[in-house]
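K.L.:
If it helps, the file is called data.pdb and holds PDB, C-alpha atoms and all ligand atoms:
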ATOM      1  CA  GLY A   1      49.729  55.987 -44.615
ATOM      2  CA  ALA A   2      47.615  57.408 -41.812
ATOM      3  CA  ALA A   3      49.293  55.769 -38.820
ATOM      4  CA  GLN A   4      51.808  58.607 -38.518
ATOM      5  CA  GLY A   5      53.108  61.824 -39.969
ATOM      6  CA  ILE A   6      51.115  63.776 -42.518
ATOM      7  CA  GLY A   7      48.465  61.067 -42.912
ATOM      8  CA  LEU A   8      47.673  60.979 -39.211
ATOM      9  CA  GLY A   9      47.709  64.780 -39.040
ATOM     10  CA  ILE A  10      45.178  64.963 -41.859
ATOM     11  CA  ALA A  11      42.990  62.340 -40.181
ATOM     12  CA  GLU A  12      43.097  64.310 -36.905
ATOM     13  CA  ARG A  13      42.103  67.427 -38.751
ATOM     14  CA  PHE A  14      39.138  65.685 -40.387
ATOM     15  CA  VAL A  15      38.044  64.556 -36.923
ATOM     16  CA  ARG A  16      38.213  68.163 -35.717
ATOM     17  CA  GLU A  17      36.179  69.201 -38.773
ATOM     18  CA  LYS A  18      33.589  66.607 -37.713
ATOM     19  CA  VAL A  19      33.372  64.503 -40.863
ATOM     20  CA  GLY A  20      30.708  61.821 -40.633
ATOM     21  CA  GLY A  21      33.031  58.848 -40.455
ATOM     22  CA  ILE A  22      36.667  58.223 -41.092
ATOM     23  CA  ALA A  23      38.673  55.208 -42.211
ATOM     24  CA  ILE A  24      42.437  55.146 -41.930
ATOM     25  CA  LEU A  25      44.717  52.659 -43.657
ATOM     26  CA  ASP A  26      48.338  51.794 -43.025
ATOM     27  CA  TRP A  27      50.514  48.753 -43.614
ATOM     28  CA  ASN A  28      51.636  48.779 -39.955
ATOM     29  CA  ALA A  29      48.830  46.975 -38.085
ATOM     30  CA  ASP A  30      49.809  48.012 -34.534
ATOM     31  CA  ALA A  31      50.452  51.617 -35.515
ATOM     32  CA  VAL A  32      47.188  51.993 -37.403
ATOM     33  CA  GLU A  33      45.239  50.514 -34.494
ATOM     34  CA  ALA A  34      46.925  52.960 -32.090
ATOM     35  CA  ALA A  35      46.166  55.834 -34.470
ATOM     36  CA  GLY A  36      42.524  54.716 -34.618
ATOM     37  CA  GLU A  37      42.339  54.759 -30.806
ATOM     38  CA  ARG A  38      43.799  58.248 -30.783
ATOM     39  CA  LEU A  39      41.194  59.499 -33.268
ATOM     40  CA  ARG A  40      38.376  57.883 -31.286
ATOM     41  CA  ALA A  41      39.684  59.509 -28.101
ATOM     42  CA  MET A  42      39.504  62.871 -29.885
ATOM     43  CA  GLY A  43      35.782  62.233 -30.346
ATOM     44  CA  GLY A  44      36.096  61.015 -33.901
ATOM     45  CA  GLY A  45      32.775  59.160 -33.926
ATOM     46  CA  LYS A  46      32.979  56.206 -36.216
ATOM     47  CA  VAL A  47      36.630  55.455 -36.951
ATOM     48  CA  LEU A  48      37.771  52.400 -38.868
ATOM     49  CA  ALA A  49      41.471  51.610 -38.570
ATOM     50  CA  LEU A  50      42.507  49.000 -41.082
ATOM     51  CA  ARG A  51      45.773  47.337 -41.966
ATOM     52  CA  CYS A  52      46.317  47.565 -45.693
ATOM     53  CA  ASP A  53      49.300  47.639 -48.020
ATOM     54  CA  VAL A  54      48.158  50.138 -50.636
ATOM     55  CA  SER A  55      50.504  48.657 -53.224
ATOM     56  CA  ASP A  56      48.378  45.476 -53.237
ATOM     57  CA  TYR A  57      45.446  46.035 -55.637
ATOM     58  CA  GLY A  58      43.347  43.131 -54.314
ATOM     59  CA  ALA A  59      43.868  44.076 -50.669
ATOM     60  CA  VAL A  60      42.873  47.691 -51.369
ATOM     61  CA  ALA A  61      39.726  46.638 -53.235
ATOM     62  CA  GLU A  62      38.734  44.382 -50.355
ATOM     63  CA  VAL A  63      39.336  47.046 -47.702
ATOM     64  CA  MET A  64      37.519  49.772 -49.660
ATOM     65  CA  GLY A  65      34.575  47.388 -50.032
ATOM     66  CA  ARG A  66      34.503  46.963 -46.246
ATOM     67  CA  ILE A  67      34.583  50.723 -45.729
ATOM     68  CA  GLU A  68      31.734  51.277 -48.190
ATOM     69  CA  ALA A  69      29.719  48.535 -46.496
ATOM     70  CA  GLU A  70      30.308  50.179 -43.105
ATOM     71  CA  PHE A  71      29.702  53.820 -44.083
ATOM     72  CA  GLY A  72      27.437  53.419 -47.097
ATOM     73  CA  ARG A  73      29.757  55.435 -49.326
ATOM     74  CA  ILE A  74      33.162  57.039 -49.673
ATOM     75  CA  ASP A  75      32.975  60.761 -50.491
ATOM     76  CA  ILE A  76      36.535  61.838 -49.794
ATOM     77  CA  LEU A  77      39.734  59.979 -50.589
ATOM     78  CA  VAL A  78      43.135  61.210 -49.439
ATOM     79  CA  ASN A  79      46.045  59.401 -51.068
ATOM     80  CA  ASN A  80      48.919  59.974 -48.699
ATOM     81  CA  ALA A  81      50.885  56.724 -48.260
ATOM     82  CA  GLY A  82      54.435  57.391 -49.335
ATOM     83  CA  ILE A  83      57.926  56.065 -48.746
ATOM     84  CA  THR A  84      61.430  57.196 -49.658
ATOM     85  CA  ARG A  85      64.438  55.134 -50.727
ATOM     86  CA  ASP A  86      66.817  58.010 -51.407
ATOM     87  CA  ALA A  87      69.993  57.413 -53.434
ATOM     88  CA  MET A  88      71.849  59.122 -56.244
ATOM     89  CA  PHE A  89      70.322  57.694 -59.413
ATOM     90  CA  HIS A  90      73.534  56.014 -60.570
ATOM     91  CA  LYS A  91      73.614  54.153 -57.250
ATOM     92  CA  MET A  92      69.875  53.463 -57.086
ATOM     93  CA  THR A  93      68.836  49.809 -57.293
ATOM     94  CA  ALA A  94      65.854  48.536 -59.248
ATOM     95  CA  GLU A  95      64.414  47.446 -55.898
ATOM     96  CA  GLN A  96      64.625  51.019 -54.543
ATOM     97  CA  TRP A  97      62.935  52.324 -57.679
ATOM     98  CA  ARG A  98      60.127  49.766 -57.590
ATOM     99  CA  ALA A  99      59.453  49.995 -53.854
ATOM    100  CA  VAL A 100      58.810  53.728 -54.101
ATOM    101  CA  VAL A 101      56.741  53.576 -57.293
ATOM    102  CA  ASP A 102      54.705  50.667 -55.896
ATOM    103  CA  VAL A 103      53.628  52.507 -52.762
ATOM    104  CA  ASN A 104      53.523  56.125 -53.884
ATOM    105  CA  LEU A 105      52.153  55.852 -57.411
ATOM    106  CA  ASN A 106      50.580  52.412 -57.682
ATOM    107  CA  GLY A 107      49.088  52.870 -54.212
ATOM    108  CA  THR A 108      47.436  56.073 -55.435
ATOM    109  CA  PHE A 109      46.138  54.229 -58.488
ATOM    110  CA  ASN A 110      44.837  51.300 -56.432
ATOM    111  CA  CYS A 111      42.964  53.432 -53.892
ATOM    112  CA  THR A 112      41.546  55.797 -56.496
ATOM    113  CA  HIS A 113      40.515  53.001 -58.834
ATOM    114  CA  SER A 114      38.560  51.264 -56.097
ATOM    115  CA  VAL A 115      36.469  54.349 -55.195
ATOM    116  CA  ILE A 116      36.036  56.101 -58.523
ATOM    117  CA  ASN A 117      32.982  54.252 -59.806
ATOM    118  CA  GLY A 118      31.053  54.783 -56.574
ATOM    119  CA  MET A 119      31.837  58.508 -56.764
ATOM    120  CA  ARG A 120      30.757  58.650 -60.419
ATOM    121  CA  ASP A 121      27.511  56.818 -59.658
ATOM    122  CA  ARG A 122      26.672  59.219 -56.809
ATOM    123  CA  GLY A 123      27.848  62.307 -58.685
ATOM    124  CA  PHE A 124      30.135  63.457 -55.893
ATOM    125  CA  GLY A 125      33.734  62.922 -54.911
ATOM    126  CA  ARG A 126      36.755  64.705 -53.492
ATOM    127  CA  ILE A 127      40.152  63.201 -54.228
ATOM    128  CA  VAL A 128      43.258  64.770 -52.733
ATOM    129  CA  SER A 129      46.657  63.219 -53.365
ATOM    130  CA  ILE A 130      49.785  64.185 -51.525
ATOM    131  CA  ALA A 131      52.544  64.847 -54.061
ATOM    132  CA  SER A 132      55.754  66.723 -53.234
ATOM    133  CA  THR A 133      57.912  69.545 -54.507
ATOM    134  CA  SER A 134      60.405  66.758 -55.188
ATOM    135  CA  ALA A 135      58.266  66.259 -58.302
ATOM    136  CA  TYR A 136      60.073  69.317 -59.703
ATOM    137  CA  GLY A 137      63.445  67.600 -59.183
ATOM    138  CA  ASN A 138      65.378  66.726 -56.041
ATOM    139  CA  VAL A 139      68.880  65.279 -55.884
ATOM    140  CA  GLY A 140      68.811  61.741 -54.492
ATOM    141  CA  GLN A 141      65.129  61.210 -55.208
ATOM    142  CA  ALA A 142      64.720  60.149 -58.855
ATOM    143  CA  ASN A 143      62.315  57.384 -57.797
ATOM    144  CA  TYR A 144      60.314  59.545 -55.405
ATOM    145  CA  ALA A 145      60.278  62.522 -57.786
ATOM    146  CA  ALA A 146      59.031  60.361 -60.655
ATOM    147  CA  SER A 147      56.261  58.911 -58.481
ATOM    148  CA  LYS A 148      55.163  62.331 -57.219
ATOM    149  CA  ALA A 149      55.295  64.008 -60.653
ATOM    150  CA  ALA A 150      53.148  61.164 -61.985
ATOM    151  CA  ILE A 151      50.621  61.743 -59.214
ATOM    152  CA  ILE A 152      50.268  65.386 -60.286
ATOM    153  CA  GLY A 153      49.584  64.393 -63.917
ATOM    154  CA  PHE A 154      47.218  61.692 -62.707
ATOM    155  CA  MET A 155      45.160  64.154 -60.612
ATOM    156  CA  LYS A 156      45.047  66.749 -63.393
ATOM    157  CA  THR A 157      43.658  64.096 -65.746
ATOM    158  CA  LEU A 158      41.184  62.775 -63.214
ATOM    159  CA  ALA A 159      39.980  66.352 -62.641
ATOM    160  CA  LYS A 160      39.033  66.653 -66.311
ATOM    161  CA  GLU A 161      37.448  63.200 -66.455
ATOM    162  CA  GLY A 162      35.489  63.736 -63.225
ATOM    163  CA  ALA A 163      34.400  67.310 -63.909
ATOM    164  CA  ARG A 164      30.914  66.450 -65.128
ATOM    165  CA  LYS A 165      30.440  63.827 -62.416
ATOM    166  CA  GLY A 166      30.842  66.122 -59.418
ATOM    167  CA  ILE A 167      34.330  64.822 -58.721
ATOM    168  CA  THR A 168      37.270  67.118 -57.997
ATOM    169  CA  ALA A 169      40.828  65.823 -57.993
ATOM    170  CA  ASN A 170      43.785  67.811 -56.742
ATOM    171  CA  ALA A 171      47.321  67.356 -55.547
ATOM    172  CA  ILE A 172      49.237  69.050 -52.760
ATOM    173  CA  ALA A 173      52.991  69.492 -53.034
ATOM    174  CA  PRO A 174      54.571  69.927 -49.623
ATOM    175  CA  ASP A 175      58.213  70.797 -49.329
ATOM    176  CA  PHE A 176      59.779  70.116 -45.947
ATOM    177  CA  ILE A 177      57.112  69.198 -43.394
ATOM    178  CA  ASP A 178      58.175  68.269 -39.872
ATOM    179  CA  THR A 179      57.749  64.477 -39.831
ATOM    180  CA  ASP A 180      59.913  61.437 -39.085
ATOM    181  CA  MET A 181      60.443  61.039 -42.842
ATOM    182  CA  MET A 182      62.039  64.467 -42.952
ATOM    183  CA  ARG A 183      64.119  63.856 -39.885
ATOM    184  CA  ALA A 184      65.588  60.762 -41.567
ATOM    185  CA  VAL A 185      67.557  62.901 -44.059
ATOM    186  CA  PRO A 186      71.187  63.653 -43.102
ATOM    187  CA  ALA A 187      71.137  66.161 -40.203
ATOM    188  CA  ASP A 188      73.526  68.681 -41.788
ATOM    189  CA  PHE A 189      71.466  68.654 -44.978
ATOM    190  CA  LEU A 190      68.258  69.337 -43.055
ATOM    191  CA  GLU A 191      69.890  72.103 -41.044
ATOM    192  CA  ARG A 192      71.076  73.805 -44.232
ATOM    193  CA  ARG A 193      67.672  73.536 -45.864
ATOM    194  CA  ILE A 194      66.014  75.153 -42.856
ATOM    195  CA  LEU A 195      68.561  77.998 -42.830
ATOM    196  CA  GLU A 196      67.919  78.599 -46.541
ATOM    197  CA  ALA A 197      64.112  78.446 -46.239
ATOM    198  CA  PRO A 198      62.355  81.842 -46.492
ATOM    199  CA  MET A 199      60.449  81.157 -43.256
ATOM    200  CA  ARG A 200      63.542  79.558 -41.656
ATOM    201  CA  ARG A 201      61.507  76.545 -40.581
ATOM    202  CA  MET A 202      59.785  73.409 -41.782
ATOM    203  CA  GLY A 203      56.040  73.385 -42.205
ATOM    204  CA  SER A 204      53.930  71.669 -39.578
ATOM    205  CA  VAL A 205      51.712  68.707 -40.305
ATOM    206  CA  ASP A 206      48.689  70.760 -39.337
ATOM    207  CA  GLU A 207      49.582  73.512 -41.823
ATOM    208  CA  LEU A 208      49.628  70.877 -44.546
ATOM    209  CA  ALA A 209      46.383  69.351 -43.273
ATOM    210  CA  SER A 210      44.688  72.758 -43.648
ATOM    211  CA  ALA A 211      45.319  72.657 -47.396
ATOM    212  CA  CYS A 212      43.934  69.134 -47.568
ATOM    213  CA  VAL A 213      40.768  69.986 -45.653
ATOM    214  CA  PHE A 214      40.173  72.962 -47.934
ATOM    215  CA  LEU A 215      40.507  70.883 -51.123
ATOM    216  CA  ALA A 216      38.179  68.251 -49.671
ATOM    217  CA  SER A 217      35.557  70.791 -48.629
ATOM    218  CA  ASP A 218      32.477  72.179 -50.364
ATOM    219  CA  GLU A 219      34.320  75.528 -50.396
ATOM    220  CA  ALA A 220      36.650  74.086 -53.041
ATOM    221  CA  SER A 221      33.934  72.938 -55.442
ATOM    222  CA  TYR A 222      35.434  74.944 -58.339
ATOM    223  CA  VAL A 223      39.040  74.082 -57.524
ATOM    224  CA  SER A 224      40.047  71.013 -59.474
ATOM    225  CA  GLY A 225      43.155  69.856 -61.285
ATOM    226  CA  VAL A 226      45.551  72.009 -59.295
ATOM    227  CA  CYS A 227      48.726  71.132 -57.538
ATOM    228  CA  LEU A 228      48.769  73.334 -54.449
ATOM    229  CA  ASP A 229      52.346  73.966 -53.328
ATOM    230  CA  CYS A 230      52.551  74.103 -49.541
ATOM    231  CA  THR A 231      56.103  75.264 -49.023
ATOM    232  CA  GLY A 232      56.420  78.455 -47.001
ATOM    233  CA  ALA A 233      57.634  80.160 -50.209
ATOM    234  CA  ILE A 234      60.371  77.622 -50.980
ATOM    235  CA  ARG A 235      60.668  77.043 -54.758
ATOM    236  CA  THR A 236      57.836  79.342 -55.804
TER     237      THR A 236
HETATM  238  N1  LIG B 301      73.612  68.634 -56.684
HETATM  239  C1  LIG B 301      74.529  67.968 -57.401
HETATM  240  N2  LIG B 301      75.350  67.042 -56.865
HETATM  241  C2  LIG B 301      75.232  66.800 -55.552
HETATM  242  C3  LIG B 301      74.275  67.447 -54.752
HETATM  243  C4  LIG B 301      73.461  68.426 -55.370
HETATM  244  N3  LIG B 301      72.548  69.099 -54.681
HETATM  245  N4  LIG B 301      74.374  66.974 -53.497
HETATM  246  C5  LIG B 301      75.370  66.051 -53.520
HETATM  247  N5  LIG B 301      75.895  65.969 -54.743
HETATM  248  C6  LIG B 301      76.978  65.139 -55.183
HETATM  249  C7  LIG B 301      78.127  65.123 -54.178
HETATM  250  O1  LIG B 301      78.956  66.253 -54.365
HETATM  251  C8  LIG B 301      78.842  63.833 -54.534
HETATM  252  O2  LIG B 301      79.637  63.996 -55.685
HETATM  253  P1  LIG B 301      80.989  63.130 -55.891
HETATM  254  O3  LIG B 301      80.540  61.695 -55.882
HETATM  255  O4  LIG B 301      81.473  63.573 -57.221
HETATM  256  O5  LIG B 301      81.857  63.485 -54.739
HETATM  257  C9  LIG B 301      77.675  62.937 -54.936
HETATM  258  O6  LIG B 301      76.571  63.803 -55.245
HETATM  259  C10 LIG B 301      77.280  61.975 -53.871
HETATM  260  O7  LIG B 301      77.173  62.666 -52.617
HETATM  261  P2  LIG B 301      77.177  61.834 -51.260
HETATM  262  O8  LIG B 301      78.478  61.113 -51.052
HETATM  263  O9  LIG B 301      76.679  62.709 -50.158
HETATM  264  O10 LIG B 301      76.126  60.719 -51.657
HETATM  265  P3  LIG B 301      75.385  59.673 -50.850
HETATM  266  O11 LIG B 301      75.173  58.584 -51.834
HETATM  267  O12 LIG B 301      75.994  59.329 -49.534
HETATM  268  O13 LIG B 301      73.973  60.392 -50.461
HETATM  269  C11 LIG B 301      71.879  61.372 -50.948
HETATM  270  C12 LIG B 301      73.299  61.133 -51.419
HETATM  271  C13 LIG B 301      71.152  60.026 -50.781
HETATM  272  C14 LIG B 301      71.197  62.192 -52.000
HETATM  273  C15 LIG B 301      71.885  62.082 -49.562
HETATM  274  O14 LIG B 301      72.630  63.281 -49.690
HETATM  275  C16 LIG B 301      70.495  62.412 -49.085
HETATM  276  O15 LIG B 301      69.843  61.597 -48.468
HETATM  277  N6  LIG B 301      70.017  63.648 -49.363
HETATM  278  C17 LIG B 301      68.680  64.077 -49.010
HETATM  279  C18 LIG B 301      67.685  63.714 -50.082
HETATM  280  C19 LIG B 301      66.382  64.418 -49.832
HETATM  281  O16 LIG B 301      66.236  65.607 -50.071
HETATM  282  N7  LIG B 301      65.382  63.680 -49.345
HETATM  283  C20 LIG B 301      64.136  64.275 -49.025
HETATM  284  C21 LIG B 301      63.479  63.362 -48.049
HETATM  285  S1  LIG B 301      61.990  64.080 -47.400
HETATM  286  C22 LIG B 301      60.863  63.812 -48.535
HETATM  287  O17 LIG B 301      61.046  63.119 -49.475
HETATM  288  C23 LIG B 301      59.557  64.508 -48.330
HETATM  289  C24 LIG B 301      59.236  65.413 -49.409
HETATM  290  O18 LIG B 301      58.248  65.219 -50.072
HETATM  291  C25 LIG B 301      60.109  66.594 -49.656
END
Could the structure of this file be written out as structure tokens, please?
P.N.:
Amino acid sequence: GAAQGIGLGIAERFVREKVGGIAILDWNADAVEAAGERLRAMGGGKVLALRCDVSDYGAVAEVMGRIEAEFGRIDILVNNAGITRDAMFHKMTAEQWRAVVDVNLNGTFNCTHSVINGMRDRGFGRIVSIASTSAYGNVGQANYAASKAAIIGFMKTLAKEGARKGITANAIAPDFIDTDMMRAVPADFLERRILEAPMRRMGSVDELASACVFLASDEASYVSGVCLDCTGAIRT
């Protein structure tokens, strides 16, 4: 999900933090290639930009294998790919439910599953998954909320399982971050939410990326199994 929005913002931030190498995945081939060019232009060193549908287990395994072959190892995984198919639950179709769970939750499983053994073998790993405050309930988002709540439970479990293997696993729950996904909600709804927000604004992608960089850093070696709300004091 790194061709735009939060995923791209996090990738840009990792470039600025001078990580050794970076691989970005997205199901939109043209967009991910353009994002890769942008990261290289920022001086991102080795940047792999790969088309991949994270809901496809086999495709993810193949792509992660290519990344490991290229870089030697994967130390940090950010699970960010996410889609919405908002509808009141009584109007929600099975297709809308499955599409969201397939990308948001199964995508997180697929990516994590394909890197976990390498991290265990090397005794080091940082896994950060982007959840959402929708996990705590949000009208029109039963599918999305279920997928994001599951991610939080998944990370908390992985944190316990990885604790003696040098692996930390955490989630971040953004509320309203200024992305195209946010701007797709009905305009009057968004306007009202901003007026009601304690900071009277959405969060920026870079503010969210700061939380991600922290959880992926050596500074966060004793922070594992948390869900860090990044909300500007909404819903705390
Ligand atoms: N609580 C209870 N009932 C509510 C409600 C609320 N907050 N809001 C609306 N309703 C009711 C309405 O009063 C209406 O009731 P009646 O049928 O009895 O009149 C009913 O729900 C349906 O309302 P609409 O006609 O507006 O329904 P709709 O089907 O056209 O649209 C919706 C509903 C899809 C939920 C739409 O309002 C919407 O898109 N809302 C935004 C959802 C949202 O927050 N998305 C977040 C996207 S960003 C993101 O996901 C990132 C992240 O991590 C946060």
K.L.:
Measuring atom to atom with all atoms listed in the file, identify which of A:Ile127, A:Ala150, A:Val226, A:Leu190 is nearest to ligand LIG 301 (chain B).
P.N.:
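The closest residue to ligand LIG 301 (chain B) is A:Leu190.
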K.L.:
Could you give me the residues within 10 Å of ligand LIG 301 (chain B), counting all atoms listed in the file, as number ranges by chain?
P.N.:
A: 82-92, 130-135, 137-142, 144-145, 148, 173-190, 193, 231
K.L.:
Please compute the atom CA of Gly44 of chain A-atom CA of Val78 of chain A distance, one decimal, in Å.
P.N.:
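Here the two named atoms are 17.1 Å from each other.
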K.L.:
Kindly indicate which residue among A:Met64, A:Ala146, A:Ile151, A:Ala2 lies nearest to Val100 of chain A, using all atoms listed in the file for the distances.
P.N.:
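Smallest distance to Val100 of chain A is found for A:Ala146.
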K.L.:
Write out as a list in words the residues lying within 10 Å of segment 39-42 of chain A, counting all atoms listed in the file and excluding same-chain residues fewer than 3 positions away.
P.N.:
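Once the nearby chain positions are removed, what remains is Leu8, Ala11, Glu12, Arg13, Phe14, Val15, Arg16, Ile22, Ile24, Glu33, Ala34, Ala35, Gly36, Gly45, Lys46, Val47, Leu48 and Ala49 of chain A.
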K.L.:
Give me the box for segment 61-77 of chain A as AutoDock Vina command-line options, namely the centre and edge lengths in Å to one decimal of a box along x, y and z that holds every listed atom plus 6 Å on each side.
P.N.:
--center_x 33.6 --center_y 53.1 --center_z -48.2 --size_x 24.3 --size_y 29.5 --size_z 22.1
K.L.:
Name the residues that the PyMOL selection byres (((chain A and resi 57-60) around 9) and not hetatm) picks from the file above, as an NGL selection string, using the file's chain letters and numbers.
P.N.:
:A and (52-56 or 61-65 or 106-107 or 109-111 or 114)
K.L.:
Hey, what's within 9 Å of Lys165 of chain A if we count only C-alpha atoms and toss same-chain stuff fewer than 2 positions away? As a PDB file with C-alpha atoms, keeping the file's coordinate frame, please?
P.N.:
ATOM      1  CA  MET A 119      31.837  58.508 -56.764  1.00  0.00           C
ATOM      2  CA  ARG A 120      30.757  58.650 -60.419  1.00  0.00           C
ATOM      3  CA  ASP A 121      27.511  56.818 -59.658  1.00  0.00           C
ATOM      4  CA  ARG A 122      26.672  59.219 -56.809  1.00  0.00           C
ATOM      5  CA  GLY A 123      27.848  62.307 -58.685  1.00  0.00           C
ATOM      6  CA  PHE A 124      30.135  63.457 -55.893  1.00  0.00           C
ATOM      7  CA  GLY A 125      33.734  62.922 -54.911  1.00  0.00           C
ATOM      8  CA  GLU A 161      37.448  63.200 -66.455  1.00  0.00           C
ATOM      9  CA  GLY A 162      35.489  63.736 -63.225  1.00  0.00           C
ATOM     10  CA  ALA A 163      34.400  67.310 -63.909  1.00  0.00           C
ATOM     11  CA  ILE A 167      34.330  64.822 -58.721  1.00  0.00           C
ATOM     12  CA  THR A 168      37.270  67.118 -57.997  1.00  0.00           C
TER      13      THR A 168
END
K.L.:
Applied to the shown file, which residues does the PyMOL selection byres (((chain A and resi 203-207) around 6) and not hetatm) return, written as an mmCIF file with C-alpha atoms, in the frame of the given file?
P.N.:
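Result saved to part.cif:
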data_model
loop_
_atom_site.group_PDB
_atom_site.id
_atom_site.type_symbol
_atom_site.label_atom_id
_atom_site.label_comp_id
_atom_site.auth_asym_id
_atom_site.auth_seq_id
_atom_site.Cartn_x
_atom_site.Cartn_y
_atom_site.Cartn_z
ATOM 1 C CA ILE A 6 51.115 63.776 -42.518
ATOM 2 C CA GLY A 9 47.709 64.780 -39.040
ATOM 3 C CA ILE A 177 57.112 69.198 -43.394
ATOM 4 C CA ASP A 178 58.175 68.269 -39.872
ATOM 5 C CA MET A 202 59.785 73.409 -41.782
ATOM 6 C CA LEU A 208 49.628 70.877 -44.546
ATOM 7 C CA ALA A 209 46.383 69.351 -43.273
ATOM 8 C CA SER A 210 44.688 72.758 -43.648
#
K.L.:
With the PyMOL selection byres (((chain A and resi 224) around 8) and not hetatm) as the selection, what would be picked from this file? Answer as a PyMOL selection string, please.
P.N.:
chain A and resi 156+159+168-170+220-223+225-226
